[in-house]
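See below for run13.cif, which holds mmCIF, C-alpha atoms.
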data_protein
#
loop_
_atom_site.label_atom_id
_atom_site.label_comp_id
_atom_site.auth_asym_id
_atom_site.auth_seq_id
_atom_site.Cartn_x
_atom_site.Cartn_y
_atom_site.Cartn_z
CA MET A 1 140.90 105.09 106.31
CA ASP A 2 137.72 103.64 107.85
CA LYS A 3 134.41 104.29 106.14
CA ALA A 4 132.35 106.99 107.87
CA LYS A 5 129.58 105.66 110.09
CA THR A 6 126.13 105.81 108.53
CA LYS A 7 123.85 107.91 110.73
CA ILE A 8 120.27 107.23 111.82
CA SER A 9 117.37 109.61 112.47
CA ALA A 10 114.88 108.23 115.02
CA LEU A 11 111.39 109.72 114.70
CA LEU A 12 108.26 109.75 116.87
CA ILE A 13 104.84 111.36 116.66
CA THR A 14 103.11 111.85 120.00
CA PHE A 15 99.95 112.96 121.75
CA ASN A 16 99.51 112.45 125.50
CA GLU A 17 102.25 109.84 125.87
CA GLU A 18 103.52 110.73 129.34
CA ASP A 19 103.46 107.04 130.35
CA ASN A 20 105.70 106.05 127.44
CA ILE A 21 107.82 108.97 126.33
CA GLU A 22 110.83 108.70 128.64
CA ALA A 23 111.13 104.95 128.19
CA VAL A 24 111.01 105.18 124.39
CA LEU A 25 113.48 108.09 124.27
CA ASP A 26 115.91 106.08 126.38
CA ASN A 27 115.27 103.07 124.16
CA ILE A 28 116.29 104.88 120.95
CA ASN A 29 119.18 106.89 122.39
CA PHE A 30 121.63 105.05 120.11
CA ALA A 31 120.28 107.04 117.15
CA ASP A 32 122.31 110.00 115.93
CA GLU A 33 119.27 112.26 115.86
CA ILE A 34 115.91 112.05 117.64
CA ILE A 35 112.95 114.13 116.47
CA VAL A 36 109.54 114.19 118.17
CA VAL A 37 106.56 115.85 116.51
CA ASP A 38 103.91 116.37 119.18
CA SER A 39 100.33 117.37 118.40
CA PHE A 40 99.95 119.67 121.43
CA SER A 41 99.71 117.09 124.22
CA THR A 42 97.62 118.13 127.21
CA ASP A 43 99.47 115.96 129.73
CA ASN A 44 103.16 116.03 130.77
CA THR A 45 104.53 114.66 127.50
CA VAL A 46 106.16 117.91 126.37
CA THR A 47 107.61 118.66 129.82
CA LEU A 48 109.22 115.23 129.87
CA ILE A 49 110.60 115.58 126.34
CA LYS A 50 112.23 118.90 127.29
CA LYS A 51 114.25 117.05 129.93
CA HIS A 52 116.16 115.51 127.02
CA PRO A 53 118.11 118.41 125.46
CA HIS A 54 119.42 116.24 122.60
CA VAL A 55 115.85 115.60 121.39
CA LYS A 56 114.42 117.99 118.79
CA LEU A 57 110.80 118.80 119.67
CA ILE A 58 108.34 120.22 117.14
CA GLN A 59 104.69 120.91 117.96
CA ARG A 60 102.24 120.68 115.09
CA GLU A 61 98.48 120.23 114.75
CA PHE A 62 97.42 116.67 113.91
CA THR A 63 95.36 116.18 110.75
CA ASN A 64 95.89 112.48 110.15
CA TYR A 65 98.62 109.87 110.56
CA THR A 66 99.87 110.00 106.97
CA ASP A 67 100.17 113.79 106.98
CA GLN A 68 101.89 113.87 110.38
CA LYS A 69 104.36 111.10 109.55
CA LYS A 70 105.15 112.61 106.15
CA PHE A 71 105.92 115.96 107.80
CA THR A 72 108.03 114.29 110.50
CA MET A 73 110.11 112.36 107.96
CA GLU A 74 110.79 115.59 106.08
CA GLN A 75 112.48 116.98 109.22
CA ALA A 76 115.06 114.17 109.35
CA THR A 77 118.66 115.05 108.58
CA HIS A 78 119.86 111.52 107.82
CA ASP A 79 118.77 109.07 105.13
CA TRP A 80 118.24 106.09 107.45
CA ILE A 81 114.95 106.53 109.31
CA LEU A 82 113.90 104.60 112.42
CA PHE A 83 110.21 105.47 112.88
CA LEU A 84 108.61 104.10 116.06
CA ASP A 85 105.39 104.54 117.99
CA ALA A 86 105.76 105.68 121.60
CA ASP A 87 104.46 102.33 122.89
CA GLU A 88 107.11 100.30 121.04
CA ARG A 89 110.49 99.12 122.38
CA ILE A 90 113.56 97.82 120.63
CA THR A 91 115.18 94.73 122.17
CA PRO A 92 118.99 94.42 122.39
CA GLY A 93 119.00 91.84 119.58
CA LEU A 94 116.92 94.09 117.33
CA LYS A 95 119.21 97.04 118.07
CA GLU A 96 122.21 95.02 116.89
CA GLU A 97 120.39 94.11 113.69
CA ILE A 98 119.48 97.76 113.06
CA LEU A 99 123.07 98.89 113.49
CA GLU A 100 124.33 96.08 111.29
CA VAL A 101 122.04 96.66 108.30
CA THR A 102 122.41 100.44 108.34
CA GLN A 103 126.19 100.08 108.02
CA ASN A 104 125.89 97.60 105.15
CA ASP A 105 126.17 99.01 101.62
CA ALA A 106 124.09 96.09 100.32
CA SER A 107 121.16 96.85 102.65
CA ALA A 108 117.56 96.76 101.46
CA SER A 109 115.64 100.01 101.02
CA ALA A 110 113.27 99.20 103.89
CA TYR A 111 112.83 96.71 106.73
CA TYR A 112 109.75 95.27 108.38
CA PHE A 113 109.83 94.72 112.12
CA LEU A 114 107.80 91.82 113.51
CA ARG A 115 106.00 92.87 116.69
CA THR A 116 105.30 91.06 119.94
CA PHE A 117 101.98 92.36 121.31
CA MET A 118 102.18 92.98 125.06
CA PHE A 119 98.90 92.72 127.01
CA LYS A 120 99.94 94.81 130.00
CA LYS A 121 103.11 92.88 130.93
CA GLU A 122 102.14 89.55 129.36
CA ILE A 123 102.74 88.38 125.79
CA LEU A 124 99.68 87.95 123.59
CA ARG A 125 100.74 85.04 121.38
CA PHE A 126 97.76 84.73 119.03
CA SER A 127 94.47 86.68 118.50
CA GLY A 128 95.57 87.87 115.04
CA TRP A 129 98.77 89.49 116.27
CA GLN A 130 101.16 86.58 115.69
CA SER A 131 102.11 87.73 112.18
CA ASP A 132 101.94 91.48 112.87
CA LYS A 133 104.68 93.48 111.18
CA ASN A 134 105.25 97.05 110.05
CA TYR A 135 107.89 99.11 108.27
CA ARG A 136 109.99 100.73 110.97
CA LEU A 137 113.43 101.16 109.34
CA PHE A 138 113.94 102.58 105.85
CA LYS A 139 115.92 104.95 103.66
CA LYS A 140 114.25 108.33 103.35
CA SER A 141 115.43 108.62 99.75
CA LYS A 142 113.72 105.37 98.78
CA VAL A 143 110.23 105.70 100.26
CA HIS A 144 107.10 107.84 100.40
CA PHE A 145 103.69 107.63 102.07
CA THR A 146 100.58 107.17 99.95
CA GLU A 147 98.25 110.17 100.01
CA ASP A 148 94.92 108.30 100.14
CA ARG A 149 95.30 106.77 103.62
CA ILE A 150 94.69 108.74 106.81
CA VAL A 151 95.05 105.85 109.26
CA HIS A 152 97.25 102.73 109.03
CA GLU A 153 99.42 104.75 106.65
CA THR A 154 101.02 102.91 103.72
CA LEU A 155 104.69 103.22 102.85
CA VAL A 156 105.64 102.83 99.19
CA VAL A 157 109.18 101.48 98.78
CA ASP A 158 111.48 101.87 95.80
CA GLY A 159 113.68 98.80 96.07
CA GLN A 160 113.94 95.68 98.18
CA SER A 161 112.10 95.13 101.47
CA LEU A 162 113.28 92.59 104.03
CA THR A 163 112.16 91.54 107.52
CA LEU A 164 114.50 91.64 110.53
CA LYS A 165 114.67 88.51 112.69
CA ASN A 166 114.32 90.01 116.17
CA LYS A 167 110.91 91.31 117.23
CA LEU A 168 109.83 94.73 118.42
CA LEU A 169 107.90 94.86 121.70
CA HIS A 170 104.51 96.56 121.32
CA TYR A 171 102.97 97.73 124.61
CA SER A 172 99.62 98.56 123.06
CA PHE A 173 97.29 97.33 125.79
CA LYS A 174 97.62 99.41 128.98
CA ASN A 175 94.07 98.81 130.19
CA HIS A 176 90.58 98.09 128.81
CA HIS A 177 89.50 101.75 128.65
CA ASP A 178 92.70 102.92 126.92
CA TYR A 179 92.67 100.20 124.27
CA LYS A 180 88.95 100.69 123.60
CA GLY A 181 89.67 104.39 123.03
CA LYS A 182 92.37 103.52 120.49
CA MET A 183 90.06 101.15 118.61
CA PHE A 184 87.31 103.79 118.49
CA LYS A 185 89.79 106.41 117.28
CA TYR A 186 91.11 104.17 114.51
CA GLY A 187 87.56 103.15 113.59
CA ARG A 188 86.42 106.76 113.23
CA MET A 189 89.47 107.69 111.16
CA LYS A 190 88.96 104.68 108.91
CA ALA A 191 85.35 105.83 108.46
CA GLN A 192 86.56 109.27 107.33
CA GLU A 193 88.87 107.58 104.83
CA GLU A 194 86.04 105.46 103.43
CA PHE A 195 83.65 108.42 103.42
CA LEU A 196 86.04 110.36 101.20
CA LYS A 197 86.07 107.40 98.81
CA GLY A 198 82.26 107.47 98.61
CA LYS A 199 81.62 104.28 100.57
CA LYS A 200 78.41 103.90 102.58
CA ALA A 201 77.41 101.93 105.68
CA ARG A 202 74.73 99.34 104.91
CA TRP A 203 72.66 97.56 107.57
CA TYR A 204 74.55 94.30 107.10
CA HIS A 205 77.91 95.98 107.76
CA PHE A 206 76.85 96.55 111.38
CA ILE A 207 76.22 92.83 111.89
CA PHE A 208 78.55 90.87 109.64
CA ARG A 209 81.75 92.95 109.66
CA PRO A 210 82.23 93.09 113.47
CA THR A 211 81.13 89.45 113.81
CA TYR A 212 83.60 88.36 111.14
CA LYS A 213 86.39 90.36 112.80
CA PHE A 214 85.78 88.68 116.14
CA LEU A 215 85.44 85.14 114.78
CA ASN A 216 88.40 85.52 112.45
CA HIS A 217 90.73 86.62 115.24
CA TYR A 218 89.27 84.45 118.00
CA VAL A 219 88.82 81.22 116.02
CA MET A 220 90.84 81.32 112.79
CA ARG A 221 93.73 83.30 114.30
CA LEU A 222 93.61 81.21 117.50
CA GLY A 223 92.60 83.94 119.94
CA PHE A 224 90.97 81.32 122.18
CA LEU A 225 94.48 80.09 123.04
CA ASP A 226 95.15 83.46 124.69
CA GLY A 227 92.40 82.83 127.27
CA LYS A 228 90.70 85.89 128.74
CA LYS A 229 93.25 88.16 127.06
CA GLY A 230 92.18 86.78 123.69
CA ILE A 231 88.49 87.37 124.34
CA THR A 232 89.19 90.95 125.43
CA ILE A 233 91.38 91.86 122.43
CA CYS A 234 89.17 90.17 119.84
CA TYR A 235 86.04 91.82 121.29
CA LEU A 236 87.60 95.30 121.35
CA ASN A 237 88.96 94.93 117.82
CA ALA A 238 85.46 93.95 116.65
CA LEU A 239 84.03 96.94 118.52
CA GLY A 240 86.41 99.17 116.58
CA VAL A 241 84.96 97.82 113.32
CA LEU A 242 81.43 98.54 114.57
CA GLU A 243 82.48 102.09 115.44
CA ARG A 244 83.80 102.54 111.89
CA TYR A 245 80.35 101.91 110.41
CA ARG A 246 78.59 103.98 113.07
CA GLU A 247 80.85 106.90 112.17
CA LEU A 248 80.46 106.31 108.43
CA LYS A 249 76.68 106.42 108.81
CA ARG A 250 76.92 109.58 110.94
CA LEU A 251 79.08 111.31 108.31
CA HIS A 252 76.59 110.54 105.54
CA ASN A 253 73.65 111.66 107.70
CA GLN A 254 75.51 114.90 108.44
CA LYS A 255 76.16 115.42 104.73
CA SER A 256 72.50 114.95 103.81
CA HIS A 257 71.28 117.63 106.26
#
Could you spell out this file's structure in structure tokens?
Amino acid sequence: MDKAKTKISALLITFNEEDNIEAVLDNINFADEIIVVDSFSTDNTVTLIKKHPHVKLIQREFTNYTDQKKFTMEQATHDWILFLDADERITPGLKEEILEVTQNDASASAYYFLRTFMFKKEILRFSGWQSDKNYRLFKKSKVHFTEDRIVHETLVVDGQSLTLKNKLLHYSFKNHHDYKGKMFKYGRMKAQEEFLKGKKARWYHFIFRPTYKFLNHYVMRLGFLDGKKGITICYLNALGVLERYRELKRLHNQKSH
């Protein structure tokens, strides 16, 4: 008798992802269960999700990324979790790897996916993104999220972690305005995280931290080889760092009044 197939739960958290949602749902349709936790999108995201009757939709207020992802993982029926962002796409080669390792009894507890950063429809080869990787596939029974991070959530793994060979496509840069908004959002959330830890924004943070971010990604991480794309990404990433310290200062000023 053949061994029963190991099942996969594919998970997403969304807010205003009408440009991505149908493509990503089609991309992960090989999963045995798809769950989307939406934080009350104001565009057509929910309407588009409801066109897919096999997708379980839950609407829940967003507090922070760790809290939302922890809740979403708790809804999964199966032990193997495939957790993607709406702007990520699995290539055919990566799909085969996912199916192979999830059926293997000797699999690791969690897998990193390397990511190819897409600048609109072009590949960004450097600018700090060349070694980018994140946990995207793991066993629910072997992991948990740390409680002290509210952005760039950290997964704690009980057991072995490995990295899959094929890369995930990351369509993060749609346009200048959209990416700038993301960097500001992440910067403000990082500021809240640091504020709760008692950290303060000093005058030199506003000068040296953004400058270091830009030079590190543009020079040390070879962003100049990406041409105009590299300048744009490195500048906006540095702007996100500046926004972090602006927000941190604002939070402390608000506290003192």
Checklist outcome for this item: Across A:Leu162, A:Leu236, A:Leu82, A:Leu94, the smallest distance to Leu137 (chain A), with all atoms listed in the file counted, is shown by A:Leu82
Item to check | Spatial neighbours of Val37 (chain A), 6 Å, all atoms listed in the file, chain gap at least 4 places, as a PyMOL selection string | outcome: chain A and resi 13+58-59
Neighbour list for region 167-181 of chain A as an mmCIF file with C-alpha atoms, keeping the file's coordinate frame, cut-off 9 Å, only C-alpha atoms, skip fewer than 4 positions in-chain:
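Final output, out_4.cif:
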data_model
loop_
_atom_site.group_PDB
_atom_site.id
_atom_site.type_symbol
_atom_site.label_atom_id
_atom_site.label_comp_id
_atom_site.auth_asym_id
_atom_site.auth_seq_id
_atom_site.Cartn_x
_atom_site.Cartn_y
_atom_site.Cartn_z
ATOM 1 C CA ASP A 85 105.390 104.540 117.990
ATOM 2 C CA ALA A 86 105.760 105.680 121.600
ATOM 3 C CA ASP A 87 104.460 102.330 122.890
ATOM 4 C CA GLU A 88 107.110 100.300 121.040
ATOM 5 C CA ARG A 89 110.490 99.120 122.380
ATOM 6 C CA ILE A 90 113.560 97.820 120.630
ATOM 7 C CA THR A 91 115.180 94.730 122.170
ATOM 8 C CA GLY A 93 119.000 91.840 119.580
ATOM 9 C CA LEU A 94 116.920 94.090 117.330
ATOM 10 C CA PHE A 113 109.830 94.720 112.120
ATOM 11 C CA LEU A 114 107.800 91.820 113.510
ATOM 12 C CA ARG A 115 106.000 92.870 116.690
ATOM 13 C CA THR A 116 105.300 91.060 119.940
ATOM 14 C CA PHE A 117 101.980 92.360 121.310
ATOM 15 C CA MET A 118 102.180 92.980 125.060
ATOM 16 C CA PHE A 119 98.900 92.720 127.010
ATOM 17 C CA LYS A 120 99.940 94.810 130.000
ATOM 18 C CA LYS A 121 103.110 92.880 130.930
ATOM 19 C CA LYS A 133 104.680 93.480 111.180
ATOM 20 C CA LYS A 185 89.790 106.410 117.280
ATOM 21 C CA TYR A 186 91.110 104.170 114.510
ATOM 22 C CA THR A 232 89.190 90.950 125.430
ATOM 23 C CA ILE A 233 91.380 91.860 122.430
ATOM 24 C CA LEU A 236 87.600 95.300 121.350
ATOM 25 C CA ASN A 237 88.960 94.930 117.820
ATOM 26 C CA LEU A 239 84.030 96.940 118.520
ATOM 27 C CA GLY A 240 86.410 99.170 116.580
#
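Among A:Leu84, A:Leu12, A:Phe126, A:Lys69, the residue with the shortest atom-to-atom distance to Gly227 (chain A), counting only C-alpha atoms, is A:Phe126.
Atom pair CA of Ala106 (chain A) / CA of Thr66 (chain A): separated by 28.7 Å.
Counting from CA of Thr47 (chain A), the distance to CA of Ile34 (chain A) is 16.2 Å.
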Next on the checklist: Which polymer residues, whether protein, DNA or RNA, lie within 12 Å of the coordinate (84.5, 106.1, 108.9) when you count all atoms listed in the file? List them as a count of residues only, using the chain letters and numbers from the file.
Outcome noted: 33
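Nearest to Leu155 (chain A) of all the residues A:Asn104, A:Thr14, A:Asn134, A:Thr211 is A:Asn134, based on only C-alpha atoms.
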Item to check | Given only C-alpha atoms as the counted atoms, nearest of A:Arg202, A:Lys7, A:Arg60, A:Lys139 to Gln160 (chain A) | outcome: A:Lys139
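With CA of Lys140 (chain A) on one side and CA of Phe15 (chain A) on the other, the separation reads 23.8 Å.
Between Ser127 (chain A) and the candidates A:Glu100, A:Glu147, A:Asp226, A:Glu17, the tightest atom-to-atom separation, counting all atoms listed in the file, involves A:Asp226.
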Checklist entry - Hey, what comes out of the PyMOL selection byres ((chain A and resi 157) around 12) on this file? Could you write it as an MDAnalysis selection string? => result chainID A and resid 108:112 135 137:146 154:156 158:162
Item to check | Near-Asp105 (chain A) list (12 Å; only C-alpha atoms; drop same-chain fewer than 2 positions) as a ChimeraX atom specification | outcome: /A:3-6,100-103,107-109
Item to check | Matched chain/residue IDs from the PyMOL selection byres ((chain A and resi 43) around 10), as a ChimeraX atom specification | outcome: /A:15-19,40-42,44-48
Quick one: write out the picked residues with C-alpha atoms as a short mmCIF file (atom, residue, chain, number, x, y, z; two decimals), in the coordinates of the input?
data_model
loop_
_atom_site.label_atom_id
_atom_site.label_comp_id
_atom_site.auth_asym_id
_atom_site.auth_seq_id
_atom_site.Cartn_x
_atom_site.Cartn_y
_atom_site.Cartn_z
CA PHE A 15 99.95 112.96 121.75
CA ASN A 16 99.51 112.45 125.50
CA GLU A 17 102.25 109.84 125.87
CA GLU A 18 103.52 110.73 129.34
CA ASP A 19 103.46 107.04 130.35
CA PHE A 40 99.95 119.67 121.43
CA SER A 41 99.71 117.09 124.22
CA THR A 42 97.62 118.13 127.21
CA ASN A 44 103.16 116.03 130.77
CA THR A 45 104.53 114.66 127.50
CA VAL A 46 106.16 117.91 126.37
CA THR A 47 107.61 118.66 129.82
CA LEU A 48 109.22 115.23 129.87
#
Evaluate the PyMOL selection byres ((chain A and resi 75-78) around 9) and report residues as a PDB file with C-alpha atoms, keeping the file's coordinate frame:
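To be explicit, this is the file written out as part39.pdb:
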ATOM      1  CA  THR A   6     126.130 105.810 108.530  1.00  0.00           C
ATOM      2  CA  LYS A   7     123.850 107.910 110.730  1.00  0.00           C
ATOM      3  CA  ILE A   8     120.270 107.230 111.820  1.00  0.00           C
ATOM      4  CA  SER A   9     117.370 109.610 112.470  1.00  0.00           C
ATOM      5  CA  ALA A  10     114.880 108.230 115.020  1.00  0.00           C
ATOM      6  CA  LEU A  11     111.390 109.720 114.700  1.00  0.00           C
ATOM      7  CA  ASP A  32     122.310 110.000 115.930  1.00  0.00           C
ATOM      8  CA  GLU A  33     119.270 112.260 115.860  1.00  0.00           C
ATOM      9  CA  ILE A  34     115.910 112.050 117.640  1.00  0.00           C
ATOM     10  CA  ILE A  35     112.950 114.130 116.470  1.00  0.00           C
ATOM     11  CA  PHE A  71     105.920 115.960 107.800  1.00  0.00           C
ATOM     12  CA  THR A  72     108.030 114.290 110.500  1.00  0.00           C
ATOM     13  CA  MET A  73     110.110 112.360 107.960  1.00  0.00           C
ATOM     14  CA  GLU A  74     110.790 115.590 106.080  1.00  0.00           C
ATOM     15  CA  ASP A  79     118.770 109.070 105.130  1.00  0.00           C
ATOM     16  CA  TRP A  80     118.240 106.090 107.450  1.00  0.00           C
ATOM     17  CA  ILE A  81     114.950 106.530 109.310  1.00  0.00           C
ATOM     18  CA  LYS A 139     115.920 104.950 103.660  1.00  0.00           C
ATOM     19  CA  LYS A 140     114.250 108.330 103.350  1.00  0.00           C
TER      20      LYS A 140
END
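Minimum distance to Thr63 (chain A) across A:Arg149, A:Ile123, A:Val36, A:Glu97 (counting all atoms listed in the file) occurs at A:Arg149.
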Output requested as a compact mmCIF listing (two decimals), in the frame of the given file - region 35-49 of chain A, filled out with N, CA, C and O atoms.
# COMPACT_ATOMS: atom_id res chain seq x y z
N ILE A 35 113.92 113.06 116.72
CA ILE A 35 112.95 114.13 116.47
C ILE A 35 111.58 113.66 116.92
O ILE A 35 111.13 112.57 116.55
N VAL A 36 110.91 114.48 117.72
CA VAL A 36 109.54 114.19 118.17
C VAL A 36 108.62 115.29 117.66
O VAL A 36 108.87 116.47 117.92
N VAL A 37 107.59 114.90 116.93
CA VAL A 37 106.56 115.85 116.51
C VAL A 37 105.33 115.57 117.36
O VAL A 37 104.70 114.52 117.25
N ASP A 38 105.01 116.52 118.23
CA ASP A 38 103.91 116.37 119.18
C ASP A 38 102.73 117.22 118.75
O ASP A 38 102.89 118.39 118.38
N SER A 39 101.53 116.63 118.82
CA SER A 39 100.33 117.37 118.40
C SER A 39 99.65 118.01 119.61
O SER A 39 98.49 117.74 119.90
N PHE A 40 100.43 118.85 120.31
CA PHE A 40 99.95 119.67 121.43
C PHE A 40 99.33 118.82 122.54
O PHE A 40 98.14 118.96 122.86
N SER A 41 100.14 117.94 123.11
CA SER A 41 99.71 117.09 124.22
C SER A 41 99.20 117.95 125.37
O SER A 41 99.72 119.04 125.64
N THR A 42 98.19 117.42 126.07
CA THR A 42 97.62 118.13 127.21
C THR A 42 98.07 117.54 128.55
O THR A 42 97.64 118.01 129.60
N ASP A 43 98.92 116.53 128.49
CA ASP A 43 99.47 115.96 129.73
C ASP A 43 100.92 116.42 129.88
O ASP A 43 101.28 117.49 129.41
N ASN A 44 101.77 115.62 130.51
CA ASN A 44 103.16 116.03 130.77
C ASN A 44 104.14 115.60 129.70
O ASN A 44 105.36 115.67 129.91
N THR A 45 103.64 115.15 128.55
CA THR A 45 104.53 114.66 127.50
C THR A 45 105.60 115.68 127.12
O THR A 45 106.80 115.36 127.08
N VAL A 46 105.21 116.88 126.83
CA VAL A 46 106.16 117.91 126.37
C VAL A 46 107.17 118.26 127.46
O VAL A 46 108.37 118.41 127.19
N THR A 47 106.70 118.37 128.69
CA THR A 47 107.61 118.66 129.82
C THR A 47 108.67 117.58 129.93
O THR A 47 109.86 117.88 130.15
N LEU A 48 108.28 116.34 129.77
CA LEU A 48 109.22 115.23 129.87
C LEU A 48 110.19 115.20 128.70
O LEU A 48 111.38 114.90 128.87
N ILE A 49 109.72 115.53 127.51
CA ILE A 49 110.60 115.58 126.34
C ILE A 49 111.67 116.65 126.54
O ILE A 49 112.84 116.44 126.20
